[in-house]
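J.: Here you go, protein_21.cif (mmCIF, C-alpha atoms):
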data_start
#
loop_
_atom_site.label_atom_id
_atom_site.label_comp_id
_atom_site.auth_asym_id
_atom_site.auth_seq_id
_atom_site.Cartn_x
_atom_site.Cartn_y
_atom_site.Cartn_z
CA MET Y 817 70.95 244.00 191.46
CA LYS Y 818 67.40 243.95 190.24
CA ASP Y 819 64.53 243.68 192.74
CA SER Y 820 61.73 242.47 190.43
CA TRP Y 821 61.54 238.78 189.60
CA PRO Y 822 61.49 236.77 187.36
CA ALA Y 823 64.46 238.42 185.61
CA TRP Y 824 66.83 237.74 182.70
CA TYR Y 825 70.48 237.32 183.62
CA TYR Y 826 73.49 236.91 181.37
CA GLY Y 827 76.38 234.51 181.88
CA PRO Y 828 79.48 233.48 179.95
CA GLY Y 829 79.36 233.12 176.17
CA ASN Y 830 75.83 233.26 174.77
CA ALA Y 831 74.30 232.04 178.02
CA SER Y 832 71.19 233.79 179.26
CA ALA Y 833 68.34 232.57 181.42
CA VAL Y 834 65.33 233.67 183.44
CA PHE Y 835 65.59 233.21 187.22
CA ASN Y 836 62.79 233.51 189.78
CA THR Y 837 64.90 234.65 192.76
CA ALA Y 838 68.33 236.14 193.42
CA GLY Y 839 69.35 232.85 195.05
CA GLU Y 840 68.95 231.00 191.73
CA VAL Y 841 71.38 233.26 189.82
CA PRO Y 842 74.79 231.52 189.39
CA LYS Y 843 77.89 233.34 190.58
CA GLY Y 844 79.29 235.58 187.85
CA TRP Y 845 75.98 236.05 186.04
CA GLU Y 846 74.81 239.67 185.71
CA ASP Y 847 71.65 241.62 185.05
CA HIS Y 848 71.60 243.48 181.74
CA PRO Y 849 74.19 246.31 181.96
CA SER Y 850 71.59 248.94 180.98
CA LYS Y 851 69.58 248.03 184.09
CA VAL Y 852 72.53 247.98 186.48
CA GLY Y 853 73.23 251.70 185.92
CA ASN Y 854 76.93 251.23 186.67
CA THR Y 855 79.17 252.48 183.86
CA ALA Y 856 81.93 250.09 184.95
CA ALA Y 857 79.53 247.19 184.43
CA GLN Y 858 78.52 248.53 181.01
CA ALA Y 859 82.07 248.85 179.65
CA PRO Y 860 82.86 245.11 179.32
CA ALA Y 861 79.53 244.43 177.61
CA ALA Y 862 80.19 247.15 175.05
CA GLN Y 863 83.60 245.64 174.27
CA ALA Y 864 82.51 241.99 174.29
CA PRO Y 865 82.86 240.12 170.99
CA ALA Y 866 79.67 239.65 169.00
CA ALA Y 867 79.81 235.89 169.57
CA GLN Y 868 79.19 236.50 173.27
CA ALA Y 869 76.20 238.79 172.79
CA PRO Y 870 72.60 237.63 173.27
CA ALA Y 871 71.02 236.02 170.20
CA ALA Y 872 69.02 239.02 168.99
CA GLN Y 873 71.46 241.70 167.95
CA THR Y 874 70.82 245.20 166.67
CA ALA Y 875 72.88 246.09 163.63
CA SER Y 876 73.37 249.06 161.36
CA ALA Y 877 71.27 249.34 158.21
CA GLU Y 878 74.46 249.28 156.09
CA GLN Y 879 75.32 245.79 157.32
CA ILE Y 880 74.33 242.77 155.28
CA ASP Y 881 72.88 239.62 156.79
CA ALA Y 882 74.21 236.07 156.45
CA HIS Y 883 72.34 235.70 153.13
CA GLY Y 884 73.93 238.87 151.70
CA HIS Y 885 70.90 241.15 152.01
CA PRO Y 886 71.12 244.72 153.38
CA TRP Y 887 68.27 245.80 155.67
CA SER Y 888 65.18 246.89 153.71
CA ALA Y 889 62.13 248.69 155.11
CA GLU Y 890 59.89 246.80 152.67
CA LEU Y 891 61.04 243.36 153.87
CA HIS Y 892 62.51 243.59 157.35
CA ALA Y 893 61.25 244.46 160.83
CA SER Y 894 61.81 248.09 161.87
CA THR Y 895 63.83 246.95 164.91
CA LYS Y 896 66.77 246.18 162.58
CA THR Y 897 67.68 243.15 164.68
CA LEU Y 898 69.37 239.98 163.51
CA THR Y 899 68.34 236.44 164.37
CA LYS Y 900 70.78 234.00 165.96
CA ASP Y 901 71.52 232.80 162.40
CA GLY Y 902 72.57 236.31 161.35
CA LEU Y 903 69.49 237.06 159.25
CA TRP Y 904 67.41 240.22 159.45
CA ARG Y 905 64.11 239.73 161.29
CA MET Y 906 61.32 239.73 158.72
CA LYS Y 907 58.12 241.77 158.80
CA VAL Y 908 55.05 239.70 159.63
CA GLY Y 909 53.66 238.08 156.49
CA VAL Y 910 56.74 238.74 154.33
CA LYS Y 911 58.53 235.73 152.81
CA ARG Y 912 62.30 235.64 153.31
CA PRO Y 913 64.12 236.10 149.97
CA ASP Y 914 66.53 233.44 148.71
CA PRO Y 915 70.21 233.91 149.59
CA LEU Y 916 72.27 235.97 147.16
CA PRO Y 917 75.00 234.19 145.11
CA GLY Y 918 77.96 233.31 147.34
CA PHE Y 919 75.80 233.10 150.46
CA PRO Y 920 74.96 231.85 153.07
CA LYS Y 921 78.20 232.43 154.84
CA ALA Y 922 79.22 232.05 158.46
CA PHE Y 923 77.65 234.86 160.49
CA ASP Y 924 80.23 237.26 161.90
CA LEU Y 925 79.36 240.78 163.10
#
Could I get this file's structure written as C-alpha coordinates?
T.:
Amino acid sequence: MKDSWPAWYYGPGNASAVFNTAGEVPKGWEDHPSKVGNTAAQAPAAQAPAAQAPAAQTASAEQIDAHGHPWSAELHASTKTLTKDGLWRMKVGVKRPDPLPGFPKAFDL
(Lines of atoms letter the chains of each structure in order from A and count residues from 1; the text may use other names and numbers.)
(Lines give C-alpha, C1' and ligand atoms only; values in the text may rest on other atoms or scores of the structure.)
Protein backbone atom coordinates (compact mmCIF):
# COMPACT_ATOMS: atom_id res chain seq x y z
CA MET A 1 0.00 0.00 0.00
CA LYS A 2 0.95 3.60 -0.46
CA ASP A 3 2.46 5.56 2.45
CA SER A 4 1.81 9.14 1.26
CA TRP A 5 -1.62 10.64 1.85
CA PRO A 6 -3.99 11.93 0.52
CA ALA A 7 -4.11 9.26 -2.20
CA TRP A 8 -6.39 8.15 -5.05
CA TYR A 9 -7.88 4.68 -4.71
CA TYR A 10 -9.98 2.72 -7.18
CA GLY A 11 -13.05 0.64 -6.38
CA PRO A 12 -15.65 -1.31 -8.34
CA GLY A 13 -16.95 0.02 -11.64
CA ASN A 14 -15.89 3.60 -12.35
CA ALA A 15 -15.52 4.40 -8.66
CA SER A 16 -12.46 6.35 -7.58
CA ALA A 17 -11.89 8.67 -4.65
CA VAL A 18 -9.24 10.49 -2.65
CA PHE A 19 -8.72 9.29 0.93
CA ASN A 20 -6.72 11.00 3.67
CA THR A 21 -5.68 7.87 5.62
CA ALA A 22 -5.46 4.11 5.08
CA GLY A 23 -8.32 3.67 7.56
CA GLU A 24 -10.72 5.55 5.24
CA VAL A 25 -10.14 3.24 2.25
CA PRO A 26 -13.06 0.78 1.87
CA LYS A 27 -12.29 -2.93 1.75
CA GLY A 28 -11.57 -4.07 -1.81
CA TRP A 29 -10.40 -0.66 -3.03
CA GLU A 30 -6.84 -0.56 -4.42
CA ASP A 31 -4.11 1.94 -5.15
CA HIS A 32 -3.35 2.41 -8.84
CA PRO A 33 -1.74 -0.84 -10.12
CA SER A 34 1.29 1.03 -11.48
CA LYS A 35 2.09 2.22 -7.94
CA VAL A 36 1.59 -1.15 -6.27
CA GLY A 37 4.47 -2.71 -8.24
CA ASN A 38 2.88 -6.17 -8.04
CA THR A 39 2.39 -7.75 -11.47
CA ALA A 40 -0.46 -9.88 -10.12
CA ALA A 41 -2.29 -6.69 -9.12
CA GLN A 42 -1.65 -5.16 -12.56
CA ALA A 43 -3.06 -8.09 -14.56
CA PRO A 44 -6.76 -7.61 -13.67
CA ALA A 45 -6.59 -3.88 -14.39
CA ALA A 46 -5.12 -4.53 -17.83
CA GLN A 47 -7.94 -6.96 -18.62
CA ALA A 48 -10.76 -4.90 -17.10
CA PRO A 49 -13.45 -3.70 -19.53
CA ALA A 50 -13.22 -0.08 -20.60
CA ALA A 51 -16.45 0.73 -18.77
CA GLN A 52 -14.67 0.03 -15.48
CA ALA A 53 -11.66 2.21 -16.20
CA PRO A 54 -11.21 5.69 -14.70
CA ALA A 55 -12.88 8.50 -16.65
CA ALA A 56 -9.80 9.80 -18.47
CA GLN A 57 -8.62 7.10 -20.82
CA THR A 58 -5.63 7.02 -23.13
CA ALA A 59 -6.43 5.79 -26.60
CA SER A 60 -4.60 5.13 -29.83
CA ALA A 61 -4.41 7.88 -32.44
CA GLU A 62 -6.24 5.61 -34.94
CA GLN A 63 -9.32 5.49 -32.72
CA ILE A 64 -12.18 7.88 -33.33
CA ASP A 65 -14.02 9.68 -30.56
CA ALA A 66 -17.76 9.62 -29.85
CA HIS A 67 -18.29 12.40 -32.43
CA GLY A 68 -16.46 10.44 -35.15
CA HIS A 69 -13.22 12.44 -35.14
CA PRO A 70 -9.78 10.79 -35.20
CA TRP A 71 -7.13 12.39 -32.96
CA SER A 72 -5.54 15.46 -34.60
CA ALA A 73 -2.42 17.29 -33.40
CA GLU A 74 -3.93 20.60 -34.57
CA LEU A 75 -7.08 20.22 -32.44
CA HIS A 76 -6.48 17.79 -29.60
CA ALA A 77 -4.29 17.66 -26.49
CA SER A 78 -1.00 15.78 -26.94
CA THR A 79 -1.94 13.39 -24.11
CA LYS A 80 -4.36 11.62 -26.49
CA THR A 81 -6.81 11.07 -23.66
CA LEU A 82 -10.57 10.80 -23.90
CA THR A 83 -13.09 12.53 -21.66
CA LYS A 84 -15.74 10.56 -19.77
CA ASP A 85 -18.04 11.28 -22.74
CA GLY A 86 -15.61 9.60 -25.15
CA LEU A 87 -14.36 12.80 -26.79
CA TRP A 88 -10.72 13.71 -27.36
CA ARG A 89 -9.43 16.31 -24.90
CA MET A 90 -9.09 19.61 -26.76
CA LYS A 91 -6.06 21.90 -26.83
CA VAL A 92 -6.53 25.05 -24.78
CA GLY A 93 -8.29 27.72 -26.83
CA VAL A 94 -9.45 25.35 -29.59
CA LYS A 95 -13.20 25.05 -30.24
CA ARG A 96 -14.55 21.50 -30.43
CA PRO A 97 -15.73 20.69 -33.98
CA ASP A 98 -19.33 19.64 -34.62
CA PRO A 99 -20.05 15.90 -34.64
CA LEU A 100 -19.65 14.13 -37.98
CA PRO A 101 -22.81 12.77 -39.72
CA GLY A 102 -24.08 9.68 -37.89
CA PHE A 103 -22.62 10.79 -34.57
CA PRO A 104 -22.71 11.16 -31.58
CA LYS A 105 -22.92 7.53 -30.74
CA ALA A 106 -22.66 5.64 -27.47
CA PHE A 107 -19.02 5.65 -26.33
CA ASP A 108 -17.47 2.19 -26.37
CA LEU A 109 -13.70 1.59 -26.36
J.: Translate the PyMOL selection byres ((chain Y and resi 904) around 8), as applied to the file shown, into an explicit residue set as a PDB file with C-alpha atoms, keeping the file's coordinate frame.
T.:
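Once written, out38.pdb looks like this:
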ATOM      1  CA  ASP Y 881      72.880 239.620 156.790  1.00  0.00           C
ATOM      2  CA  TRP Y 887      68.270 245.800 155.670  1.00  0.00           C
ATOM      3  CA  HIS Y 892      62.510 243.590 157.350  1.00  0.00           C
ATOM      4  CA  ALA Y 893      61.250 244.460 160.830  1.00  0.00           C
ATOM      5  CA  LYS Y 896      66.770 246.180 162.580  1.00  0.00           C
ATOM      6  CA  THR Y 897      67.680 243.150 164.680  1.00  0.00           C
ATOM      7  CA  LEU Y 898      69.370 239.980 163.510  1.00  0.00           C
ATOM      8  CA  THR Y 899      68.340 236.440 164.370  1.00  0.00           C
ATOM      9  CA  GLY Y 902      72.570 236.310 161.350  1.00  0.00           C
ATOM     10  CA  LEU Y 903      69.490 237.060 159.250  1.00  0.00           C
ATOM     11  CA  ARG Y 905      64.110 239.730 161.290  1.00  0.00           C
ATOM     12  CA  MET Y 906      61.320 239.730 158.720  1.00  0.00           C
TER      13      MET Y 906
END
J.: Provide an axis-aligned box for all listed atoms of stretch 891-895 of chain Y, padding each side by 4 Å; report its centre and its edge lengths in Å to one decimal, as lines of an AutoDock Vina configuration file.
T.:
center_x = 62.4
center_y = 245.7
center_z = 159.4
size_x = 10.8
size_y = 12.7
size_z = 19.0
J.: Report, in Å with one decimal, the straight-line distance from atom CA of Y:Val908 to atom CA of Y:Glu890.
T.: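 Value for the atom CA of Y:Val908-atom CA of Y:Glu890 distance: 11.1 Å.
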J.: What is the distance between atom CA of Y:Asp847 and atom CA of Y:Lys900, in Å to one decimal?
T.: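 Computed distance, atom CA of Y:Asp847 to atom CA of Y:Lys900, equals 20.6 Å.
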J.: Between Y:Ala889, Y:Gly827, Y:Pro917, Y:Trp821, which one has atoms that come closest to Y:Gly839, using all atoms listed in the file?
T.: Y:Trp821
J.: Could you work out how far atom CA of Y:Lys907 lies from atom CA of Y:Ile880, giving the answer in Å with one decimal?
T.: 16.6 Å
J.: Is it possible to get the residues within 9 Å of (65.7, 235.4, 181.4) (coordinates as in the file, counting all atoms listed in the file) written as a list in words?
T.: Pro822, Ala823, Trp824, Tyr825, Tyr826, Ser832, Ala833, Val834 and Phe835 of chain Y
J.: Nearest to Y:His883: which of Y:Ala838, Y:Gly918, Y:Asn830, Y:Trp845 is it, counting all atoms listed in the file?
T.: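 Once distances to Y:His883 are computed over all atoms listed in the file, the minimum belongs to Y:Gly918.
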